file target-v3.txt (compact mmCIF, C-alpha atoms and all ligand atoms)
# COMPACT_ATOMS: atom_id res chain seq x y z
CA HIS A 15 135.37 -132.17 -78.43
CA ALA A 16 132.40 -133.84 -80.06
CA ASN A 17 130.49 -132.15 -82.84
CA ILE A 18 126.91 -131.05 -82.29
CA TYR A 19 124.66 -131.04 -85.35
CA LEU A 20 121.43 -129.06 -85.39
CA SER A 21 118.61 -129.21 -87.90
CA ARG A 22 115.00 -128.14 -87.89
CA HIS A 23 112.43 -130.75 -88.91
CA GLY A 24 111.49 -130.70 -92.59
CA GLU A 25 108.71 -128.32 -93.62
CA SER A 26 105.46 -129.47 -91.97
CA GLN A 27 101.91 -129.26 -93.24
CA LEU A 28 101.19 -126.47 -90.73
CA ASN A 29 104.40 -124.58 -91.72
CA LEU A 30 102.97 -124.50 -95.25
CA GLU A 31 99.81 -122.81 -93.97
CA GLY A 32 101.77 -120.45 -91.74
CA ARG A 33 100.18 -121.93 -88.60
CA ILE A 34 102.11 -122.37 -85.35
CA GLY A 35 101.96 -125.21 -82.84
CA GLY A 36 100.09 -128.43 -83.59
CA ASP A 37 101.51 -131.85 -84.30
CA SER A 38 101.34 -132.19 -88.07
CA LEU A 39 103.34 -134.47 -90.34
CA LEU A 40 105.72 -133.24 -93.06
CA SER A 41 104.67 -131.57 -96.31
CA PRO A 42 105.88 -133.16 -99.61
CA ARG A 43 108.86 -130.78 -99.49
CA GLY A 44 109.56 -131.72 -95.88
CA GLU A 45 109.53 -135.37 -96.94
CA ARG A 46 112.14 -134.60 -99.59
CA TYR A 47 114.34 -133.14 -96.83
CA MET A 48 113.78 -136.28 -94.75
CA ARG A 49 115.03 -138.39 -97.69
CA ALA A 50 118.02 -136.11 -98.34
CA LEU A 51 119.06 -135.96 -94.68
CA PRO A 52 121.08 -139.22 -94.33
CA GLU A 53 123.41 -138.11 -97.14
CA LEU A 54 123.58 -134.53 -95.84
CA ILE A 55 124.59 -135.77 -92.38
CA ALA A 56 127.23 -138.10 -93.86
CA GLN A 57 128.59 -135.11 -95.79
CA ALA A 58 128.64 -132.93 -92.66
CA GLN A 59 130.46 -135.66 -90.71
CA ALA A 60 133.07 -136.15 -93.44
CA TYR A 61 133.78 -132.45 -93.94
CA THR A 62 137.08 -131.21 -92.54
CA PRO A 63 137.57 -127.46 -92.55
CA TYR A 64 140.92 -126.11 -93.71
CA GLY A 65 143.21 -125.64 -90.74
CA HIS A 66 141.44 -128.21 -88.58
CA ALA A 67 143.94 -130.12 -86.40
CA ASP A 68 143.04 -133.53 -87.86
CA ASP A 69 143.32 -132.13 -91.35
CA ASP A 70 146.82 -130.77 -90.63
CA ARG A 71 147.91 -134.15 -89.39
CA GLU A 72 146.68 -135.83 -92.56
CA ARG A 73 148.30 -133.30 -94.82
CA SER A 74 151.69 -133.39 -93.11
CA ARG A 75 151.73 -137.17 -93.31
CA GLY A 76 150.95 -136.94 -97.01
CA ALA A 77 153.79 -134.46 -97.51
CA ASP A 78 156.24 -136.93 -95.97
CA GLY A 79 155.56 -139.22 -98.88
CA ASP A 80 154.00 -141.85 -96.66
CA ALA A 81 152.15 -144.16 -99.04
CA ASP A 82 149.82 -145.29 -96.27
CA ALA A 83 148.98 -141.76 -95.20
CA ASP A 84 145.25 -142.18 -95.69
CA ALA A 85 145.04 -145.52 -93.92
CA ASP A 86 147.11 -144.16 -91.03
CA ALA A 87 144.96 -141.07 -90.72
CA ASP A 88 141.86 -143.27 -90.60
CA ALA A 89 143.43 -145.39 -87.90
CA VAL A 90 144.32 -142.34 -85.82
CA ARG A 91 140.93 -140.67 -86.07
CA GLU A 92 138.23 -142.87 -84.60
CA PRO A 93 134.91 -142.64 -86.41
CA GLU A 94 132.48 -140.30 -84.73
CA SER A 95 129.49 -142.14 -83.25
CA LEU A 96 126.21 -140.28 -83.67
CA THR A 97 123.05 -140.27 -81.58
CA VAL A 98 119.95 -138.48 -82.81
CA TRP A 99 117.76 -136.51 -80.41
CA THR A 100 114.29 -135.50 -81.51
CA SER A 101 111.28 -134.02 -79.75
CA THR A 102 108.21 -136.19 -79.15
CA LEU A 103 106.35 -134.39 -81.95
CA ARG A 104 105.68 -136.18 -85.21
CA ARG A 105 107.45 -133.71 -87.52
CA THR A 106 110.85 -134.22 -85.86
CA ARG A 107 110.51 -138.00 -85.54
CA GLN A 108 109.43 -138.31 -89.16
CA THR A 109 112.37 -136.16 -90.29
CA ALA A 110 114.75 -138.48 -88.40
CA SER A 111 113.06 -141.69 -89.50
CA LEU A 112 115.54 -142.66 -92.25
CA LEU A 113 118.69 -141.91 -90.23
CA PRO A 114 120.62 -145.09 -89.35
CA TYR A 115 121.61 -144.04 -85.82
CA PRO A 116 120.21 -144.60 -82.31
CA LYS A 117 117.44 -142.12 -81.49
CA ILE A 118 116.07 -140.60 -78.34
CA ALA A 119 112.83 -138.56 -78.23
CA TRP A 120 112.90 -135.84 -75.53
CA ARG A 121 109.74 -134.15 -74.30
CA GLU A 122 111.99 -131.26 -73.23
CA LEU A 123 112.76 -130.69 -76.92
CA ASP A 124 109.09 -130.14 -77.87
CA GLU A 125 108.37 -126.77 -79.49
CA LEU A 126 107.59 -123.71 -77.38
CA SER A 127 103.96 -124.13 -76.38
CA VAL A 128 101.80 -121.31 -77.72
CA GLY A 129 98.83 -122.07 -75.42
CA ALA A 130 95.55 -120.66 -76.70
CA CYS A 131 97.20 -119.68 -80.00
CA ASP A 132 97.88 -123.28 -81.01
CA GLY A 133 97.10 -123.82 -84.69
CA MET A 134 96.67 -120.10 -85.46
CA THR A 135 98.48 -117.91 -88.01
CA TYR A 136 100.26 -114.75 -86.78
CA ALA A 137 97.61 -112.66 -88.59
CA GLU A 138 94.86 -114.45 -86.67
CA ILE A 139 96.68 -113.92 -83.36
CA GLU A 140 97.09 -110.22 -84.10
CA GLN A 141 93.39 -109.90 -84.92
CA ARG A 142 92.08 -111.87 -81.92
CA PHE A 143 94.61 -110.81 -79.28
CA PRO A 144 96.03 -107.44 -80.46
CA ALA A 145 97.26 -106.28 -77.02
CA GLU A 146 99.15 -109.50 -76.40
CA PHE A 147 100.56 -109.52 -79.91
CA ALA A 148 102.02 -106.06 -79.24
CA GLU A 149 103.27 -107.15 -75.83
CA ARG A 150 105.19 -110.01 -77.41
CA ASP A 151 106.83 -107.56 -79.80
CA ASN A 152 107.97 -105.47 -76.83
CA ASP A 153 109.66 -108.27 -74.92
CA LYS A 154 109.71 -111.44 -76.96
CA TYR A 155 112.02 -113.29 -74.53
CA ASN A 156 109.73 -112.90 -71.52
CA TYR A 157 106.34 -112.90 -73.22
CA ARG A 158 104.37 -115.99 -72.14
CA TYR A 159 101.52 -117.19 -74.35
CA HIS A 160 98.23 -117.29 -72.42
CA GLY A 161 96.09 -120.41 -72.18
CA PRO A 162 96.90 -123.99 -71.23
CA GLY A 163 100.61 -124.75 -71.08
CA GLY A 164 101.56 -121.43 -72.73
CA GLU A 165 105.30 -120.68 -72.50
CA SER A 166 107.82 -117.90 -73.00
CA TYR A 167 111.36 -118.21 -74.35
CA ALA A 168 112.49 -117.78 -70.73
CA ASP A 169 110.33 -120.80 -69.77
CA LEU A 170 111.78 -122.76 -72.67
CA VAL A 171 115.35 -122.02 -71.61
CA ARG A 172 114.54 -123.43 -68.15
CA ARG A 173 112.83 -126.49 -69.68
CA LEU A 174 115.93 -127.15 -71.80
CA GLU A 175 118.31 -127.29 -68.83
CA PRO A 176 118.54 -131.12 -68.69
CA VAL A 177 119.16 -131.24 -72.45
CA ILE A 178 121.94 -128.67 -72.16
CA MET A 179 123.51 -130.58 -69.25
CA GLU A 180 123.50 -133.81 -71.26
CA LEU A 181 125.00 -131.95 -74.25
CA GLU A 182 127.76 -130.63 -72.00
CA ARG A 183 128.55 -134.16 -70.84
CA HIS A 184 128.82 -135.38 -74.44
CA ARG A 185 130.81 -132.42 -75.56
CA HIS A 186 133.88 -133.62 -73.67
CA ASP A 187 133.86 -137.01 -75.35
CA PRO A 188 135.44 -136.39 -78.76
CA ASN A 189 133.71 -139.29 -80.53
CA LYS A 190 130.15 -138.97 -79.26
CA ALA A 191 128.43 -136.57 -81.58
CA ILE A 192 124.79 -135.53 -81.18
CA LEU A 193 122.36 -134.54 -83.91
CA ILE A 194 119.32 -132.62 -82.70
CA ILE A 195 116.32 -132.59 -85.04
CA GLY A 196 114.35 -129.81 -83.45
CA HIS A 197 112.00 -126.87 -83.71
CA GLN A 198 112.73 -123.24 -84.47
CA ALA A 199 112.29 -121.74 -80.99
CA VAL A 200 114.04 -124.69 -79.29
CA LEU A 201 117.01 -124.57 -81.66
CA ARG A 202 117.29 -120.81 -81.14
CA CYS A 203 117.78 -121.51 -77.43
CA ILE A 204 120.34 -124.29 -77.94
CA TYR A 205 122.23 -122.48 -80.69
CA GLY A 206 122.10 -119.26 -78.68
CA TYR A 207 123.53 -121.06 -75.66
CA LEU A 208 126.37 -122.66 -77.63
CA LEU A 209 127.27 -119.43 -79.43
CA SER A 210 126.71 -117.13 -76.45
CA PHE A 211 123.83 -114.99 -77.68
CA SER A 212 122.10 -112.70 -75.19
CA HIS A 213 118.51 -113.30 -74.03
CA ASP A 214 117.30 -110.35 -76.08
CA GLU A 215 118.87 -111.64 -79.30
CA LEU A 216 117.88 -115.25 -78.81
CA PRO A 217 114.21 -115.13 -80.00
CA TYR A 218 115.29 -113.57 -83.30
CA ILE A 219 118.13 -115.91 -84.34
CA PRO A 220 117.36 -117.10 -87.88
CA ILE A 221 117.29 -120.90 -88.06
CA PRO A 222 116.28 -121.69 -91.66
CA LEU A 223 114.53 -124.88 -92.69
CA HIS A 224 116.37 -127.58 -94.62
CA MET A 225 119.89 -126.95 -93.40
CA VAL A 226 122.28 -128.71 -91.00
CA MET A 227 124.52 -126.65 -88.72
CA ARG A 228 127.63 -128.39 -87.46
CA ILE A 229 128.98 -126.85 -84.27
CA THR A 230 132.45 -127.88 -83.16
CA PRO A 231 133.26 -126.79 -79.62
CA LYS A 232 136.80 -125.44 -79.23
CA ALA A 233 138.71 -124.39 -76.12
CA TYR A 234 137.26 -120.90 -76.59
CA GLY A 235 133.88 -120.71 -78.31
CA CYS A 236 132.66 -122.84 -81.21
CA VAL A 237 133.27 -123.14 -84.94
CA GLU A 238 130.16 -123.42 -87.06
CA THR A 239 129.73 -124.90 -90.55
CA ARG A 240 126.45 -125.02 -92.46
CA PHE A 241 125.32 -127.68 -94.95
CA ARG A 242 122.37 -127.16 -97.27
CA VAL A 243 120.45 -129.18 -99.84
CA ASP A 244 118.32 -127.95 -102.69
CA ILE A 245 115.01 -129.72 -102.42
O1 LIG G 301 105.91 -121.55 -82.60
C1 LIG G 301 107.09 -121.26 -82.47
C2 LIG G 301 107.88 -120.77 -83.61
O2 LIG G 301 108.62 -121.78 -84.22
C3 LIG G 301 108.82 -119.75 -83.06
O3 LIG G 301 108.67 -118.61 -83.79
O4 LIG G 301 109.00 -117.39 -81.64
O5 LIG G 301 109.44 -116.29 -83.86
O6 LIG G 301 107.09 -116.81 -83.14
P1 LIG G 301 108.54 -117.19 -83.06

call {"tool": "encode", "arguments": {"input": "target-v3.txt", "output": "structure tokens"}}
result
Amino acid sequence: HANIYLSRHGESQLNLEGRIGGDSLLSPRGERYMRALPELIAQAQAYTPYGHADDDRERSRGADGDADADADADAVREPESLTVWTSTLRRTRQTASLLPYPKIAWRELDELSVGACDGMTYAEIEQRFPAEFAERDNDKYNYRYHGPGGESYADLVRRLEPVIMELERHRHDPNKAILIIGHQAVLRCIYGYLLSFSHDELPYIPIPLHMVMRITPKAYGCVETRFRVDI
């Protein structure tokens, strides 16, 4: 099964101010993540967890005293081809800009639309719309932001259906890996789907900035490995 890699975009200018929504570019720190990402992805692709089937094969060949063990192992394991999926928003496309792989920008991967709250901080939302702020706390999965285009996590899960179907198609081709450079709410939905979280848990899954999650689908469930950089 092909690996799926997930990363949030680097820190954006609006992240720095604690504002949600918008279409800002990266902060200086986010730009450092963008520059570190090609190497981090290469590292994540090269990593072989102990006990992985391919790893066992390499090690048993080595133990046989086969001098060409490494070359043979390389010949057996075809290199993983990678395609990068971003949203159409600038912070994800900028984060992916230095990656030497084919890229596709999906509108379906755009961040959960916060409607009338676009560009606000959580403190401002609480002050201006206290009843709604409380309502969201009560049922975060179903709460839909008011105003133009406002969405709930439930709406987002429906919007992501074509993305999930395409991921499922890729998942059965062992050499076609996908890297999604996404947004927090969107990655919660995709990660939650892959790792079987419930709807109630999904809006609270922590997806930290500046980290790549490698998800390897297995016959039952998935194995997850995380790769971080200090930036
Ligand atoms: O604007 C969307 C945020 O990335 C998601 O955070 O759903 O926890 O407010 P939240």

call {"tool": "atom_distance", "arguments": {"input": "target-v3.txt", "atom1": "CA of Tyr205 (chain A)", "atom2": "CA of His186 (chain A)"}}
result
17.6 Å

call {"tool": "residues_near_ligand", "arguments": {"input": "target-v3.txt", "ligand": "ligand LIG 301 (chain G)", "cutoff": "6 Å", "atoms": "all atoms listed in the file", "output": "ChimeraX atom specification"}}
result
/A:34-35,126,198-199,217

call {"tool": "residues_near_point", "arguments": {"input": "target-v3.txt", "point": "(96.3, -121.0, -82.9)", "cutoff": "12 Å", "atoms": "all atoms listed in the file", "output": "list in words"}}
result
Leu28, Glu31, Gly32, Arg33, Ile34, Gly35, Gly36, Ser127, Val128, Gly129, Ala130, Cys131, Asp132, Gly133, Met134, Thr135, Tyr136, Ala137, Glu138, Ile139, Glu140, Gln141, Arg142, Phe143, Tyr159, His160, Gly161 and Gly164 of chain A

call {"tool": "write_last_selection", "arguments": {"input": "target-v3.txt", "atoms": "C-alpha atoms", "output": "PDB file, in the frame of the given file"}}
result
ATOM      1  CA  LEU A  28     101.190-126.470 -90.730  1.00  0.00           C
ATOM      2  CA  GLU A  31      99.810-122.810 -93.970  1.00  0.00           C
ATOM      3  CA  GLY A  32     101.770-120.450 -91.740  1.00  0.00           C
ATOM      4  CA  ARG A  33     100.180-121.930 -88.600  1.00  0.00           C
ATOM      5  CA  ILE A  34     102.110-122.370 -85.350  1.00  0.00           C
ATOM      6  CA  GLY A  35     101.960-125.210 -82.840  1.00  0.00           C
ATOM      7  CA  GLY A  36     100.090-128.430 -83.590  1.00  0.00           C
ATOM      8  CA  SER A 127     103.960-124.130 -76.380  1.00  0.00           C
ATOM      9  CA  VAL A 128     101.800-121.310 -77.720  1.00  0.00           C
ATOM     10  CA  GLY A 129      98.830-122.070 -75.420  1.00  0.00           C
ATOM     11  CA  ALA A 130      95.550-120.660 -76.700  1.00  0.00           C
ATOM     12  CA  CYS A 131      97.200-119.680 -80.000  1.00  0.00           C
ATOM     13  CA  ASP A 132      97.880-123.280 -81.010  1.00  0.00           C
ATOM     14  CA  GLY A 133      97.100-123.820 -84.690  1.00  0.00           C
ATOM     15  CA  MET A 134      96.670-120.100 -85.460  1.00  0.00           C
ATOM     16  CA  THR A 135      98.480-117.910 -88.010  1.00  0.00           C
ATOM     17  CA  TYR A 136     100.260-114.750 -86.780  1.00  0.00           C
ATOM     18  CA  ALA A 137      97.610-112.660 -88.590  1.00  0.00           C
ATOM     19  CA  GLU A 138      94.860-114.450 -86.670  1.00  0.00           C
ATOM     20  CA  ILE A 139      96.680-113.920 -83.360  1.00  0.00           C
ATOM     21  CA  GLU A 140      97.090-110.220 -84.100  1.00  0.00           C
ATOM     22  CA  GLN A 141      93.390-109.900 -84.920  1.00  0.00           C
ATOM     23  CA  ARG A 142      92.080-111.870 -81.920  1.00  0.00           C
ATOM     24  CA  PHE A 143      94.610-110.810 -79.280  1.00  0.00           C
ATOM     25  CA  TYR A 159     101.520-117.190 -74.350  1.00  0.00           C
ATOM     26  CA  HIS A 160      98.230-117.290 -72.420  1.00  0.00           C
ATOM     27  CA  GLY A 161      96.090-120.410 -72.180  1.00  0.00           C
ATOM     28  CA  GLY A 164     101.560-121.430 -72.730  1.00  0.00           C
TER      29      GLY A 164
END

call {"tool": "residues_around", "arguments": {"input": "target-v3.txt", "residues": "Tyr234 (chain A)", "least_positions_apart": "6", "cutoff": "12 Å", "atoms": "all atoms listed in the file", "output": "PDB file with C-alpha atoms, keeping the file's coordinate frame"}}
result
ATOM      1  CA  HIS A  15     135.370-132.170 -78.430  1.00  0.00           C
ATOM      2  CA  LEU A 208     126.370-122.660 -77.630  1.00  0.00           C
ATOM      3  CA  LEU A 209     127.270-119.430 -79.430  1.00  0.00           C
ATOM      4  CA  SER A 210     126.710-117.130 -76.450  1.00  0.00           C
TER       5      SER A 210
END

call {"tool": "atom_distance", "arguments": {"input": "target-v3.txt", "atom1": "CA of Cys236 (chain A)", "atom2": "CA of Ile18 (chain A)"}}
result
10.1 Å

call {"tool": "atom_distance", "arguments": {"input": "target-v3.txt", "atom1": "CA of Thr102 (chain A)", "atom2": "CA of Gly163 (chain A)"}}
result
15.9 Å

call {"tool": "residues_around", "arguments": {"input": "target-v3.txt", "residues": "Leu201 (chain A)", "least_positions_apart": "5", "cutoff": "8 Å", "atoms": "all atoms listed in the file", "output": "number ranges by chain"}}
result
A: 20-22, 196, 206, 221

call {"tool": "closest_residue", "arguments": {"input": "target-v3.txt", "among": "A:His224, A:Val237, A:Lys232, A:Asp37", "to": "Ile55 (chain A)", "atoms": "only C-alpha atoms"}}
result
A:His224

call {"tool": "closest_residue", "arguments": {"input": "target-v3.txt", "among": "A:Leu30, A:Leu40, A:Ala110, A:Leu216", "to": "Leu193 (chain A)", "atoms": "only C-alpha atoms"}}
result
A:Ala110

call {"tool": "closest_residue", "arguments": {"input": "target-v3.txt", "among": "A:Asp124, A:Glu165, A:Glu94, A:Glu45", "to": "Ser111 (chain A)", "atoms": "only C-alpha atoms"}}
result
A:Glu45

call {"tool": "residues_around", "arguments": {"input": "target-v3.txt", "residues": "Glu175 (chain A)", "least_positions_apart": "3", "cutoff": "12 Å", "atoms": "all atoms listed in the file", "output": "ChimeraX atom specification"}}
result
/A:122-123,168-172,178-182,200,203-204,207

call {"tool": "residues_near_point", "arguments": {"input": "target-v3.txt", "point": "(117.9, -141.5, -78.2)", "cutoff": "12 Å", "atoms": "only C-alpha atoms", "output": "PyMOL selection string"}}
result
chain A and resi 96-102+107+110+115-121+177+180+192-195
